[in-house]
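Trainee: Here's a structure for you.
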Amino acid sequence: MKKIVGIPARLGSSRYPKKPLCKILDFTMIEHCYIRSKLSKDVDDVFVAICDEELKDFCIKKHIKYIMTDPNIQRPSLRVSAACEKLNLNDEDIIIVVQGDEPLVTPDMISLSIKPLIIDKTLNVSNLCYEINEVEMRDPNEIKVVMDNEFNALYMSRSPIPSVDHEEIRQKWYKQVCIMPFKWKFLYDFNTKLPKTSLELQESIEMLRAIQHGYKVRMVISEKKTKSVDCEQDRLDVERLMRDDNFYKTYKK
């Protein structure tokens, strides 16, 4: 069973154009994602799935393994899936989709995320999640998740869930961390055979396709504080967190 990290990245983000190349301390965001993923002892390979010539030139310059994909692809898991078609994979191999805007990813987070797929052979996909505060809960850029008693995702939304309007006992809030391991066959089928769903299109959240079609998405709670980058303020916040980050100290210039 091979375990491979695929990092989707493109320069045409509507919310933050060219964000893979935004600088966070001494490195660009895409470098942080790539270097930190390669620090994991539980993965066999790491690549970035890209579609821009500028990113290609950058990867060549920085010795980052890349696979070119169709520039018309919008969804991150589809970009990684398209790249993986060029690899010699078995059905049970695990592809870990690490979003290219998760520069605080750690090797421990990757190891934690793949455990459910190794332990439970009936599972096809898992996701990390992280406990958040009320400010993050109300941020539409953060994808919130509610789970059943076995930590399977019940629903994901950019809106605040669960609701606080009629609460009797305050519950914890969790956000999705975009580190998403898939069994290779399921990732391929997910992107080529499984029709998009109404809730996926309503919320713009890929995992809702799996949930709405009845597949289990096993959530794994991470204790590591993380933050994705969707705007300049996020970049500044991540830069502040990165200064005290132990993993950054192992590769900083």
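Scheme for the structure tokens: letters A, B, ... for chains in order shown; per-chain residue numbers from 1; ligand numbers from 1 in order shown.
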For Arg36 in chain A, work out the shell of residues within 9 Å, counting only C-alpha atoms and skipping chain neighbours fewer than 2 positions away, then give it as an mmCIF file with all heavy atoms, in the first residue's frame.

Mentor:
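Saved as out-v1.cif:
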data_model
loop_
_atom_site.group_PDB
_atom_site.id
_atom_site.type_symbol
_atom_site.label_atom_id
_atom_site.label_comp_id
_atom_site.auth_asym_id
_atom_site.auth_seq_id
_atom_site.Cartn_x
_atom_site.Cartn_y
_atom_site.Cartn_z
ATOM 1 N N GLU A 31 5.935 26.068 -1.143
ATOM 2 C CA GLU A 31 7.143 25.431 -0.611
ATOM 3 C C GLU A 31 6.894 24.887 0.786
ATOM 4 O O GLU A 31 7.320 23.768 1.105
ATOM 5 C CB GLU A 31 8.291 26.430 -0.577
ATOM 6 C CG GLU A 31 8.883 26.767 -1.931
ATOM 7 C CD GLU A 31 9.983 27.808 -1.814
ATOM 8 O OE1 GLU A 31 9.649 29.005 -1.701
ATOM 9 O OE2 GLU A 31 11.166 27.417 -1.831
ATOM 10 N N HIS A 32 6.237 25.675 1.632
ATOM 11 C CA HIS A 32 5.929 25.193 2.981
ATOM 12 C C HIS A 32 5.136 23.885 2.916
ATOM 13 O O HIS A 32 5.452 22.916 3.609
ATOM 14 C CB HIS A 32 5.122 26.237 3.748
ATOM 15 C CG HIS A 32 5.919 27.388 4.264
ATOM 16 N ND1 HIS A 32 6.900 27.258 5.228
ATOM 17 C CD2 HIS A 32 5.880 28.711 3.951
ATOM 18 C CE1 HIS A 32 7.433 28.433 5.495
ATOM 19 N NE2 HIS A 32 6.830 29.341 4.736
ATOM 20 N N CYS A 33 4.085 23.866 2.091
ATOM 21 C CA CYS A 33 3.240 22.670 1.992
ATOM 22 C C CYS A 33 4.051 21.462 1.532
ATOM 23 O O CYS A 33 3.907 20.348 2.073
ATOM 24 C CB CYS A 33 2.078 22.928 1.039
ATOM 25 S SG CYS A 33 0.883 24.156 1.612
ATOM 26 N N TYR A 34 4.895 21.666 0.545
ATOM 27 C CA TYR A 34 5.680 20.575 -0.036
ATOM 28 C C TYR A 34 6.748 20.080 0.936
ATOM 29 O O TYR A 34 6.851 18.879 1.206
ATOM 30 C CB TYR A 34 6.331 21.059 -1.331
ATOM 31 C CG TYR A 34 7.098 19.988 -2.078
ATOM 32 C CD1 TYR A 34 6.428 19.017 -2.820
ATOM 33 C CD2 TYR A 34 8.491 19.957 -2.059
ATOM 34 C CE1 TYR A 34 7.126 18.046 -3.528
ATOM 35 C CE2 TYR A 34 9.198 18.987 -2.752
ATOM 36 C CZ TYR A 34 8.514 18.034 -3.479
ATOM 37 O OH TYR A 34 9.207 17.067 -4.167
ATOM 38 N N LYS A 38 6.838 16.410 2.938
ATOM 39 C CA LYS A 38 7.954 15.479 2.732
ATOM 40 C C LYS A 38 8.629 15.087 4.046
ATOM 41 O O LYS A 38 9.336 14.066 4.104
ATOM 42 C CB LYS A 38 8.984 16.099 1.777
ATOM 43 C CG LYS A 38 8.572 16.050 0.318
ATOM 44 C CD LYS A 38 9.661 16.574 -0.593
ATOM 45 C CE LYS A 38 10.849 15.643 -0.672
ATOM 46 N NZ LYS A 38 10.528 14.372 -1.364
ATOM 47 N N LEU A 39 8.412 15.870 5.100
ATOM 48 C CA LEU A 39 8.974 15.514 6.405
ATOM 49 C C LEU A 39 8.289 14.301 7.031
ATOM 50 O O LEU A 39 8.810 13.703 7.973
ATOM 51 C CB LEU A 39 8.871 16.702 7.366
ATOM 52 C CG LEU A 39 9.796 17.896 7.093
ATOM 53 C CD1 LEU A 39 9.438 19.060 8.008
ATOM 54 C CD2 LEU A 39 11.259 17.508 7.269
ATOM 55 N N SER A 40 7.121 13.942 6.497
ATOM 56 C CA SER A 40 6.398 12.798 7.039
ATOM 57 C C SER A 40 7.106 11.490 6.704
ATOM 58 O O SER A 40 7.434 11.225 5.542
ATOM 59 C CB SER A 40 4.963 12.770 6.490
ATOM 60 O OG SER A 40 4.320 11.582 6.886
ATOM 61 N N PRO A 103 -0.321 25.826 4.812
ATOM 62 C CA PRO A 103 1.132 25.845 5.037
ATOM 63 C C PRO A 103 1.571 25.399 6.426
ATOM 64 O O PRO A 103 2.767 25.211 6.652
ATOM 65 C CB PRO A 103 1.496 27.320 4.806
ATOM 66 C CG PRO A 103 0.249 28.071 5.127
ATOM 67 C CD PRO A 103 -0.866 27.188 4.663
ATOM 68 N N LEU A 104 0.639 25.219 7.357
ATOM 69 C CA LEU A 104 0.989 24.759 8.697
ATOM 70 C C LEU A 104 0.816 23.251 8.863
ATOM 71 O O LEU A 104 0.886 22.739 9.978
ATOM 72 C CB LEU A 104 0.146 25.496 9.747
ATOM 73 C CG LEU A 104 0.450 26.997 9.902
ATOM 74 C CD1 LEU A 104 -0.588 27.660 10.801
ATOM 75 C CD2 LEU A 104 1.848 27.219 10.465
ATOM 76 N N VAL A 105 0.602 22.539 7.767
ATOM 77 C CA VAL A 105 0.491 21.082 7.842
ATOM 78 C C VAL A 105 1.741 20.514 8.499
ATOM 79 O O VAL A 105 2.847 21.018 8.299
ATOM 80 C CB VAL A 105 0.292 20.477 6.433
ATOM 81 C CG1 VAL A 105 1.452 20.804 5.507
ATOM 82 C CG2 VAL A 105 0.086 18.977 6.510
ATOM 83 N N THR A 106 1.567 19.476 9.311
ATOM 84 C CA THR A 106 2.709 18.827 9.968
ATOM 85 C C THR A 106 2.737 17.342 9.611
ATOM 86 O O THR A 106 1.703 16.761 9.250
ATOM 87 C CB THR A 106 2.630 18.961 11.501
ATOM 88 O OG1 THR A 106 1.553 18.149 11.986
ATOM 89 C CG2 THR A 106 2.438 20.415 11.930
ATOM 90 N N PRO A 107 3.894 16.720 9.718
ATOM 91 C CA PRO A 107 3.968 15.268 9.486
ATOM 92 C C PRO A 107 3.018 14.491 10.386
ATOM 93 O O PRO A 107 2.419 13.490 9.956
ATOM 94 C CB PRO A 107 5.430 14.944 9.802
ATOM 95 C CG PRO A 107 6.160 16.217 9.561
ATOM 96 C CD PRO A 107 5.217 17.302 9.963
ATOM 97 N N PHE A 247 8.209 22.810 13.540
ATOM 98 C CA PHE A 247 8.593 22.176 12.283
ATOM 99 C C PHE A 247 9.293 23.159 11.350
ATOM 100 O O PHE A 247 10.214 22.798 10.627
ATOM 101 C CB PHE A 247 7.371 21.556 11.602
ATOM 102 C CG PHE A 247 6.878 20.328 12.292
ATOM 103 C CD1 PHE A 247 5.800 20.384 13.139
ATOM 104 C CD2 PHE A 247 7.525 19.112 12.138
ATOM 105 C CE1 PHE A 247 5.347 19.264 13.800
ATOM 106 C CE2 PHE A 247 7.094 17.973 12.793
ATOM 107 C CZ PHE A 247 6.004 18.042 13.616
ATOM 108 N N TYR A 248 8.862 24.413 11.386
ATOM 109 C CA TYR A 248 9.520 25.418 10.562
ATOM 110 C C TYR A 248 10.986 25.576 10.952
ATOM 111 O O TYR A 248 11.852 25.777 10.093
ATOM 112 C CB TYR A 248 8.797 26.763 10.687
ATOM 113 C CG TYR A 248 9.477 27.877 9.916
ATOM 114 C CD1 TYR A 248 9.641 27.808 8.541
ATOM 115 C CD2 TYR A 248 9.973 29.003 10.586
ATOM 116 C CE1 TYR A 248 10.272 28.798 7.833
ATOM 117 C CE2 TYR A 248 10.602 30.004 9.884
ATOM 118 C CZ TYR A 248 10.755 29.920 8.516
ATOM 119 O OH TYR A 248 11.378 30.910 7.818
ATOM 120 N N TYR A 251 13.613 23.504 9.002
ATOM 121 C CA TYR A 251 14.001 23.730 7.598
ATOM 122 C C TYR A 251 14.173 25.207 7.226
ATOM 123 O O TYR A 251 14.498 25.513 6.084
ATOM 124 C CB TYR A 251 12.979 23.088 6.649
ATOM 125 C CG TYR A 251 11.591 23.664 6.682
ATOM 126 C CD1 TYR A 251 11.232 24.723 5.841
ATOM 127 C CD2 TYR A 251 10.611 23.162 7.529
ATOM 128 C CE1 TYR A 251 9.937 25.245 5.853
ATOM 129 C CE2 TYR A 251 9.323 23.676 7.556
ATOM 130 C CZ TYR A 251 8.996 24.703 6.714
ATOM 131 O OH TYR A 251 7.711 25.234 6.719
#

Trainee: Neighbouring residues of Ile118 in chain A were defined as those with any atom within 12 Å, considering only C-alpha atoms; residues of the same chain fewer than 4 positions away were excluded. Please report them as a PyMOL selection string.

Mentor: chain A and resi 1-3+42+92-94+111-114+122-126+181-183

Trainee: For the residues in that selection, give me all heavy atoms as a compact mmCIF listing (two decimals), in the first residue's frame.

Mentor:
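Output contents, as saved in out26.txt:
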# COMPACT_ATOMS: atom_id res chain seq x y z
N MET A 1 0.85 -1.19 0.00
CA MET A 1 0.00 0.00 0.00
C MET A 1 0.89 1.25 0.00
O MET A 1 1.57 1.54 0.98
CB MET A 1 -0.92 0.02 1.23
CG MET A 1 -1.82 1.24 1.30
SD MET A 1 -2.64 1.39 2.90
CE MET A 1 -3.76 -0.01 2.84
N LYS A 2 0.88 1.98 -1.10
CA LYS A 2 1.64 3.23 -1.16
C LYS A 2 0.81 4.36 -0.56
O LYS A 2 -0.42 4.35 -0.63
CB LYS A 2 2.00 3.55 -2.60
CG LYS A 2 3.08 2.65 -3.18
CD LYS A 2 3.45 3.02 -4.60
CE LYS A 2 2.39 2.59 -5.58
NZ LYS A 2 2.82 2.75 -6.99
N LYS A 3 1.50 5.32 0.00
CA LYS A 3 0.85 6.50 0.58
C LYS A 3 1.51 7.72 -0.05
O LYS A 3 2.71 7.96 0.17
CB LYS A 3 0.98 6.50 2.10
CG LYS A 3 0.47 5.22 2.76
CD LYS A 3 0.78 5.22 4.24
CE LYS A 3 0.60 3.83 4.84
NZ LYS A 3 1.67 2.88 4.39
N ASP A 42 5.64 8.68 7.05
CA ASP A 42 4.60 7.72 6.69
C ASP A 42 4.14 7.83 5.25
O ASP A 42 3.18 7.17 4.85
CB ASP A 42 3.39 7.90 7.62
CG ASP A 42 3.65 7.39 9.01
OD1 ASP A 42 4.30 6.34 9.14
OD2 ASP A 42 3.22 8.05 9.98
N GLU A 92 -5.97 0.13 -3.58
CA GLU A 92 -5.91 0.37 -2.15
C GLU A 92 -4.85 1.38 -1.73
O GLU A 92 -4.72 1.68 -0.54
CB GLU A 92 -5.69 -0.95 -1.40
CG GLU A 92 -6.82 -1.95 -1.58
CD GLU A 92 -8.14 -1.42 -1.05
OE1 GLU A 92 -8.20 -1.02 0.12
OE2 GLU A 92 -9.12 -1.39 -1.83
N ASP A 93 -4.08 1.89 -2.67
CA ASP A 93 -3.11 2.92 -2.32
C ASP A 93 -3.84 4.14 -1.78
O ASP A 93 -4.99 4.42 -2.16
CB ASP A 93 -2.28 3.32 -3.54
CG ASP A 93 -1.30 2.24 -3.97
OD1 ASP A 93 -0.98 1.37 -3.13
OD2 ASP A 93 -0.87 2.24 -5.14
N ILE A 94 -3.19 4.85 -0.89
CA ILE A 94 -3.80 6.01 -0.25
C ILE A 94 -3.22 7.30 -0.82
O ILE A 94 -2.00 7.49 -0.81
CB ILE A 94 -3.60 5.97 1.28
CG1 ILE A 94 -4.31 4.75 1.87
CG2 ILE A 94 -4.11 7.25 1.94
CD1 ILE A 94 -4.07 4.55 3.36
N SER A 111 0.09 11.71 9.35
CA SER A 111 0.04 10.36 9.93
C SER A 111 -1.29 10.10 10.60
O SER A 111 -1.88 9.01 10.45
CB SER A 111 1.18 10.20 10.95
OG SER A 111 2.44 10.34 10.33
N LEU A 112 -1.79 11.09 11.33
CA LEU A 112 -3.08 10.95 12.02
C LEU A 112 -4.22 10.78 11.02
O LEU A 112 -5.13 9.97 11.23
CB LEU A 112 -3.32 12.20 12.87
CG LEU A 112 -4.56 12.21 13.77
CD1 LEU A 112 -4.44 11.14 14.85
CD2 LEU A 112 -4.73 13.59 14.41
N SER A 113 -4.16 11.50 9.92
CA SER A 113 -5.27 11.49 8.96
C SER A 113 -5.45 10.15 8.26
O SER A 113 -6.57 9.79 7.88
CB SER A 113 -5.06 12.59 7.91
OG SER A 113 -4.03 12.26 7.00
N ILE A 114 -4.36 9.40 8.06
CA ILE A 114 -4.47 8.15 7.29
C ILE A 114 -4.79 6.94 8.16
O ILE A 114 -5.13 5.88 7.64
CB ILE A 114 -3.18 7.87 6.48
CG1 ILE A 114 -1.97 7.68 7.41
CG2 ILE A 114 -2.94 9.00 5.48
CD1 ILE A 114 -0.68 7.37 6.67
N THR A 122 -13.09 -0.84 5.42
CA THR A 122 -14.34 -0.48 4.75
C THR A 122 -14.41 1.01 4.44
O THR A 122 -15.27 1.44 3.67
CB THR A 122 -15.57 -0.85 5.63
OG1 THR A 122 -15.59 0.00 6.80
CG2 THR A 122 -15.51 -2.30 6.05
N LEU A 123 -13.52 1.80 5.02
CA LEU A 123 -13.54 3.25 4.79
C LEU A 123 -12.82 3.60 3.50
O LEU A 123 -11.85 2.95 3.11
CB LEU A 123 -12.88 3.98 5.95
CG LEU A 123 -13.61 3.98 7.29
CD1 LEU A 123 -12.73 4.63 8.35
CD2 LEU A 123 -14.94 4.72 7.19
N ASN A 124 -13.29 4.65 2.86
CA ASN A 124 -12.70 5.12 1.60
C ASN A 124 -12.08 6.50 1.71
O ASN A 124 -11.23 6.86 0.88
CB ASN A 124 -13.77 5.16 0.51
CG ASN A 124 -14.24 3.80 0.11
OD1 ASN A 124 -13.47 2.99 -0.41
ND2 ASN A 124 -15.52 3.52 0.35
N VAL A 125 -12.50 7.28 2.70
CA VAL A 125 -12.02 8.65 2.80
C VAL A 125 -12.10 9.11 4.26
O VAL A 125 -13.00 8.71 5.00
CB VAL A 125 -12.84 9.60 1.88
CG1 VAL A 125 -14.32 9.56 2.22
CG2 VAL A 125 -12.31 11.03 1.93
N SER A 126 -11.14 9.92 4.65
CA SER A 126 -11.17 10.53 5.98
C SER A 126 -10.72 11.99 5.86
O SER A 126 -10.17 12.40 4.84
CB SER A 126 -10.26 9.76 6.96
OG SER A 126 -8.93 9.72 6.49
N PRO A 181 -7.26 12.12 3.10
CA PRO A 181 -6.82 10.87 2.49
C PRO A 181 -7.97 10.11 1.82
O PRO A 181 -9.07 10.01 2.37
CB PRO A 181 -6.28 10.07 3.68
CG PRO A 181 -6.15 11.05 4.79
CD PRO A 181 -7.20 12.07 4.56
N PHE A 182 -7.71 9.60 0.63
CA PHE A 182 -8.65 8.79 -0.14
C PHE A 182 -7.98 7.47 -0.51
O PHE A 182 -6.79 7.45 -0.82
CB PHE A 182 -9.03 9.45 -1.47
CG PHE A 182 -9.85 10.70 -1.39
CD1 PHE A 182 -9.25 11.92 -1.11
CD2 PHE A 182 -11.20 10.68 -1.68
CE1 PHE A 182 -9.98 13.10 -1.08
CE2 PHE A 182 -11.95 11.85 -1.66
CZ PHE A 182 -11.34 13.06 -1.36
N LYS A 183 -8.75 6.37 -0.53
CA LYS A 183 -8.29 5.21 -1.27
C LYS A 183 -8.30 5.60 -2.76
O LYS A 183 -9.21 6.27 -3.23
CB LYS A 183 -9.23 4.02 -1.04
CG LYS A 183 -9.25 3.48 0.39
CD LYS A 183 -8.03 2.62 0.67
CE LYS A 183 -8.09 2.01 2.07
NZ LYS A 183 -9.19 1.07 2.25

Trainee: Pick out the closest residue to Glu223 in chain A from this set: A:Asp189, A:Glu134, A:Glu150, A:Asp108. Count only C-alpha atoms.

Mentor: A:Asp108

Trainee: Please provide the set of residues having any atom within 9 Å of Gly6 in chain A, restricted to only C-alpha atoms, with same-chain residues fewer than 3 positions apart removed, written as a PDB file with N, CA, C and O atoms, in the first residue's frame.

Mentor:
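And here's out_3.pdb as it stands now:
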ATOM      1  N   ASP A  45       5.769   9.341  -1.215  1.00  0.00           N
ATOM      2  CA  ASP A  45       6.085  10.337  -2.235  1.00  0.00           C
ATOM      3  C   ASP A  45       5.198  11.562  -2.028  1.00  0.00           C
ATOM      4  O   ASP A  45       4.125  11.471  -1.413  1.00  0.00           O
ATOM      5  N   VAL A  46       5.645  12.695  -2.561  1.00  0.00           N
ATOM      6  CA  VAL A  46       4.899  13.951  -2.501  1.00  0.00           C
ATOM      7  C   VAL A  46       5.038  14.644  -3.857  1.00  0.00           C
ATOM      8  O   VAL A  46       6.130  14.678  -4.432  1.00  0.00           O
ATOM      9  N   PHE A  47       3.933  15.174  -4.362  1.00  0.00           N
ATOM     10  CA  PHE A  47       3.997  15.969  -5.588  1.00  0.00           C
ATOM     11  C   PHE A  47       2.984  17.102  -5.500  1.00  0.00           C
ATOM     12  O   PHE A  47       2.053  17.067  -4.691  1.00  0.00           O
ATOM     13  N   VAL A  48       3.184  18.121  -6.331  1.00  0.00           N
ATOM     14  CA  VAL A  48       2.183  19.171  -6.470  1.00  0.00           C
ATOM     15  C   VAL A  48       1.486  18.983  -7.819  1.00  0.00           C
ATOM     16  O   VAL A  48       2.128  18.652  -8.816  1.00  0.00           O
ATOM     17  N   ALA A  49       0.174  19.160  -7.828  1.00  0.00           N
ATOM     18  CA  ALA A  49      -0.633  19.061  -9.052  1.00  0.00           C
ATOM     19  C   ALA A  49      -0.949  20.481  -9.497  1.00  0.00           C
ATOM     20  O   ALA A  49      -1.680  21.200  -8.812  1.00  0.00           O
ATOM     21  N   SER A  77      -9.595  18.060  -5.363  1.00  0.00           N
ATOM     22  CA  SER A  77      -9.427  16.602  -5.408  1.00  0.00           C
ATOM     23  C   SER A  77      -9.404  16.096  -6.846  1.00  0.00           C
ATOM     24  O   SER A  77      -8.710  15.126  -7.158  1.00  0.00           O
ATOM     25  N   VAL A  80      -5.866  16.584  -8.200  1.00  0.00           N
ATOM     26  CA  VAL A  80      -4.962  15.543  -7.715  1.00  0.00           C
ATOM     27  C   VAL A  80      -5.283  14.203  -8.374  1.00  0.00           C
ATOM     28  O   VAL A  80      -4.384  13.457  -8.770  1.00  0.00           O
ATOM     29  N   SER A  81      -6.571  13.906  -8.531  1.00  0.00           N
ATOM     30  CA  SER A  81      -6.979  12.657  -9.169  1.00  0.00           C
ATOM     31  C   SER A  81      -6.467  12.583 -10.605  1.00  0.00           C
ATOM     32  O   SER A  81      -5.952  11.542 -11.046  1.00  0.00           O
ATOM     33  N   ALA A  83      -3.891  14.077 -11.822  1.00  0.00           N
ATOM     34  CA  ALA A  83      -2.442  13.880 -11.769  1.00  0.00           C
ATOM     35  C   ALA A  83      -2.101  12.427 -11.462  1.00  0.00           C
ATOM     36  O   ALA A  83      -1.182  11.850 -12.050  1.00  0.00           O
ATOM     37  N   CYS A  84      -2.860  11.818 -10.553  1.00  0.00           N
ATOM     38  CA  CYS A  84      -2.583  10.444 -10.139  1.00  0.00           C
ATOM     39  C   CYS A  84      -2.815   9.430 -11.246  1.00  0.00           C
ATOM     40  O   CYS A  84      -2.261   8.317 -11.201  1.00  0.00           O
ATOM     41  N   ILE A  95      -4.108   8.156  -1.299  1.00  0.00           N
ATOM     42  CA  ILE A  95      -3.713   9.465  -1.811  1.00  0.00           C
ATOM     43  C   ILE A  95      -4.175  10.509  -0.798  1.00  0.00           C
ATOM     44  O   ILE A  95      -5.377  10.637  -0.535  1.00  0.00           O
ATOM     45  N   ILE A  96      -3.224  11.241  -0.226  1.00  0.00           N
ATOM     46  CA  ILE A  96      -3.571  12.265   0.758  1.00  0.00           C
ATOM     47  C   ILE A  96      -3.595  13.617   0.057  1.00  0.00           C
ATOM     48  O   ILE A  96      -2.539  14.110  -0.374  1.00  0.00           O
ATOM     49  N   VAL A  97      -4.785  14.169  -0.090  1.00  0.00           N
ATOM     50  CA  VAL A  97      -4.916  15.498  -0.705  1.00  0.00           C
ATOM     51  C   VAL A  97      -4.652  16.531   0.393  1.00  0.00           C
ATOM     52  O   VAL A  97      -5.416  16.655   1.348  1.00  0.00           O
ATOM     53  N   VAL A  98      -3.541  17.250   0.245  1.00  0.00           N
ATOM     54  CA  VAL A  98      -3.197  18.323   1.177  1.00  0.00           C
ATOM     55  C   VAL A  98      -3.361  19.636   0.418  1.00  0.00           C
ATOM     56  O   VAL A  98      -2.606  19.923  -0.503  1.00  0.00           O
ATOM     57  N   GLN A  99      -4.352  20.409   0.794  1.00  0.00           N
ATOM     58  CA  GLN A  99      -4.612  21.649   0.086  1.00  0.00           C
ATOM     59  C   GLN A  99      -3.372  22.533   0.059  1.00  0.00           C
ATOM     60  O   GLN A  99      -2.641  22.637   1.051  1.00  0.00           O
TER      61      GLN A  99
END

Trainee: Would you return as an NGL selection string the members of range 7-196 of chain A that DSSP assigns to helix (DSSP H, G or I) on this structure's backbone?

Mentor: :A and (19-21 or 29-38 or 53-62 or 76-84 or 107-119 or 134-137 or 184-192)

Trainee: Take the residues that were just selected and, keeping C-alpha atoms, output them as an mmCIF file, in the first residue's frame.

Mentor:
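The result, written out as out_22.cif:
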data_model
loop_
_atom_site.group_PDB
_atom_site.id
_atom_site.type_symbol
_atom_site.label_atom_id
_atom_site.label_comp_id
_atom_site.auth_asym_id
_atom_site.auth_seq_id
_atom_site.Cartn_x
_atom_site.Cartn_y
_atom_site.Cartn_z
ATOM 1 C CA LYS A 19 -1.573 32.696 -3.445
ATOM 2 C CA PRO A 20 0.644 29.573 -3.890
ATOM 3 C CA LEU A 21 3.529 31.978 -4.457
ATOM 4 C CA MET A 29 3.249 28.930 0.617
ATOM 5 C CA ILE A 30 3.609 26.080 -1.884
ATOM 6 C CA GLU A 31 7.143 25.431 -0.611
ATOM 7 C CA HIS A 32 5.929 25.193 2.981
ATOM 8 C CA CYS A 33 3.240 22.670 1.992
ATOM 9 C CA TYR A 34 5.680 20.575 -0.036
ATOM 10 C CA ILE A 35 8.606 20.629 2.397
ATOM 11 C CA ARG A 36 6.442 19.900 5.440
ATOM 12 C CA SER A 37 4.625 17.042 3.698
ATOM 13 C CA LYS A 38 7.954 15.479 2.732
ATOM 14 C CA GLU A 53 3.506 27.548 -16.581
ATOM 15 C CA GLU A 54 4.669 30.058 -13.976
ATOM 16 C CA LEU A 55 4.209 27.481 -11.225
ATOM 17 C CA LYS A 56 5.931 24.857 -13.372
ATOM 18 C CA ASP A 57 8.973 27.110 -13.803
ATOM 19 C CA PHE A 58 8.991 27.774 -10.064
ATOM 20 C CA CYS A 59 8.832 24.052 -9.230
ATOM 21 C CA ILE A 60 11.714 23.307 -11.586
ATOM 22 C CA LYS A 61 13.777 26.072 -9.983
ATOM 23 C CA LYS A 62 13.027 24.842 -6.459
ATOM 24 C CA PRO A 76 -8.767 20.340 -5.733
ATOM 25 C CA SER A 77 -9.427 16.602 -5.408
ATOM 26 C CA LEU A 78 -10.135 16.369 -9.148
ATOM 27 C CA ARG A 79 -6.799 18.034 -9.908
ATOM 28 C CA VAL A 80 -4.962 15.543 -7.715
ATOM 29 C CA SER A 81 -6.979 12.657 -9.169
ATOM 30 C CA ALA A 82 -6.114 13.716 -12.723
ATOM 31 C CA ALA A 83 -2.442 13.880 -11.769
ATOM 32 C CA CYS A 84 -2.583 10.444 -10.139
ATOM 33 C CA PRO A 107 3.968 15.268 9.486
ATOM 34 C CA ASP A 108 1.961 14.252 12.571
ATOM 35 C CA MET A 109 -1.249 15.556 10.991
ATOM 36 C CA ILE A 110 -0.649 13.484 7.867
ATOM 37 C CA SER A 111 0.044 10.360 9.931
ATOM 38 C CA LEU A 112 -3.075 10.953 12.018
ATOM 39 C CA SER A 113 -5.268 11.489 8.957
ATOM 40 C CA ILE A 114 -4.466 8.151 7.290
ATOM 41 C CA LYS A 115 -4.930 5.942 10.383
ATOM 42 C CA PRO A 116 -8.670 5.307 9.848
ATOM 43 C CA LEU A 117 -8.097 4.022 6.304
ATOM 44 C CA ILE A 118 -5.399 1.647 7.519
ATOM 45 C CA ILE A 119 -7.383 0.351 10.513
ATOM 46 C CA GLU A 134 -16.804 31.437 18.041
ATOM 47 C CA VAL A 135 -15.000 33.919 15.785
ATOM 48 C CA GLU A 136 -13.792 31.117 13.492
ATOM 49 C CA MET A 137 -17.218 29.476 13.696
ATOM 50 C CA TRP A 184 -7.127 5.605 -4.870
ATOM 51 C CA LYS A 185 -10.043 3.738 -6.464
ATOM 52 C CA PHE A 186 -12.541 5.807 -4.503
ATOM 53 C CA LEU A 187 -10.778 9.067 -5.389
ATOM 54 C CA TYR A 188 -10.916 8.108 -9.071
ATOM 55 C CA ASP A 189 -14.564 7.045 -8.913
ATOM 56 C CA PHE A 190 -15.446 10.096 -6.804
ATOM 57 C CA ASN A 191 -14.197 12.397 -9.538
ATOM 58 C CA THR A 192 -15.181 10.453 -12.652
#

Trainee: Would you compute the distance between CA of Asn152 in chain A and CA of Arg218 in chain A? Give it in Å to one decimal.

Mentor: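 That distance, rounded to one decimal, is 4.4 Å.
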
Trainee: Any chance you could list, as an MDAnalysis selection string, the residues in range 33-250 of chain A that come up strand (DSSP E) when DSSP is run on the backbone?

Mentor: chainID A and resid 45:50 66:68 94:98 126:132 144:147 153:157 173:177 179:183 218:221

Trainee: So what do you get for CA of Ile161 in chain A versus CA of Gly12 in chain A, distance-wise?

Mentor: 29.7 Å

Trainee: Near range 199-206 of chain A, within 7 Å and counting only C-alpha atoms, which residues show up once chain neighbours fewer than 3 positions away are dropped, as a PDB file with C-alpha atoms, in the first residue's frame?

Mentor:
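Writing done, so here's result_39.pdb:
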ATOM      1  CA  SER A 157     -21.148  24.098   5.977  1.00  0.00           C
ATOM      2  CA  ARG A 158     -19.627  27.532   5.648  1.00  0.00           C
ATOM      3  CA  LYS A 196     -22.067  16.250  -8.094  1.00  0.00           C
ATOM      4  CA  ARG A 209     -20.816  14.827  -2.498  1.00  0.00           C
TER       5      ARG A 209
END

Trainee: What is the CA of Glu142 in chain A-CA of Gly214 in chain A distance in Å, reported with one decimal?

Mentor: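 Those two atoms sit 23.5 Å apart.
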
Trainee: With distances taken over only C-alpha atoms, which residue among A:Asp244, A:Asp91, A:Asp101, A:Asp165 lies nearest Arg15 in chain A?

Mentor: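 The answer is A:Asp101, which sits nearest to Arg15 in chain A.
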
Trainee: Which is closer to Cys178 in chain A than all the others in A:Met68, A:Leu87, A:Ile143, A:Ala153, using only C-alpha atoms?

Mentor: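 Ranking A:Met68, A:Leu87, A:Ile143, A:Ala153 by distance to Cys178 in chain A, first place goes to A:Ile143.
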
Trainee: Nearest residue to Lys175 in chain A out of A:Tyr66, A:Tyr215, A:Phe151, A:Tyr130, using only C-alpha atoms?

Mentor: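 Closest candidate: A:Tyr130.
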
Trainee: From the set A:Ile211, A:Glu102, A:Asp245, A:Asp120, which residue has the shortest atom-to-atom contact distance to Val177 in chain A, counting only C-alpha atoms?

Mentor: A:Glu102

Trainee: Might you pull out every residue within 12 Å of Cys231 in chain A, with only C-alpha atoms counted and same-chain residues fewer than 2 positions away left off, and present them as a list in words?

Mentor: Ser13, Ser14, Arg15, Tyr16, Pro17, Lys18, Lys19, Pro20, Cys22, Asp101, Asn141, Lys227, Ser228, Val229, Gln233, Asp234, Arg235, Leu236, Asp237 and Val238 of chain A
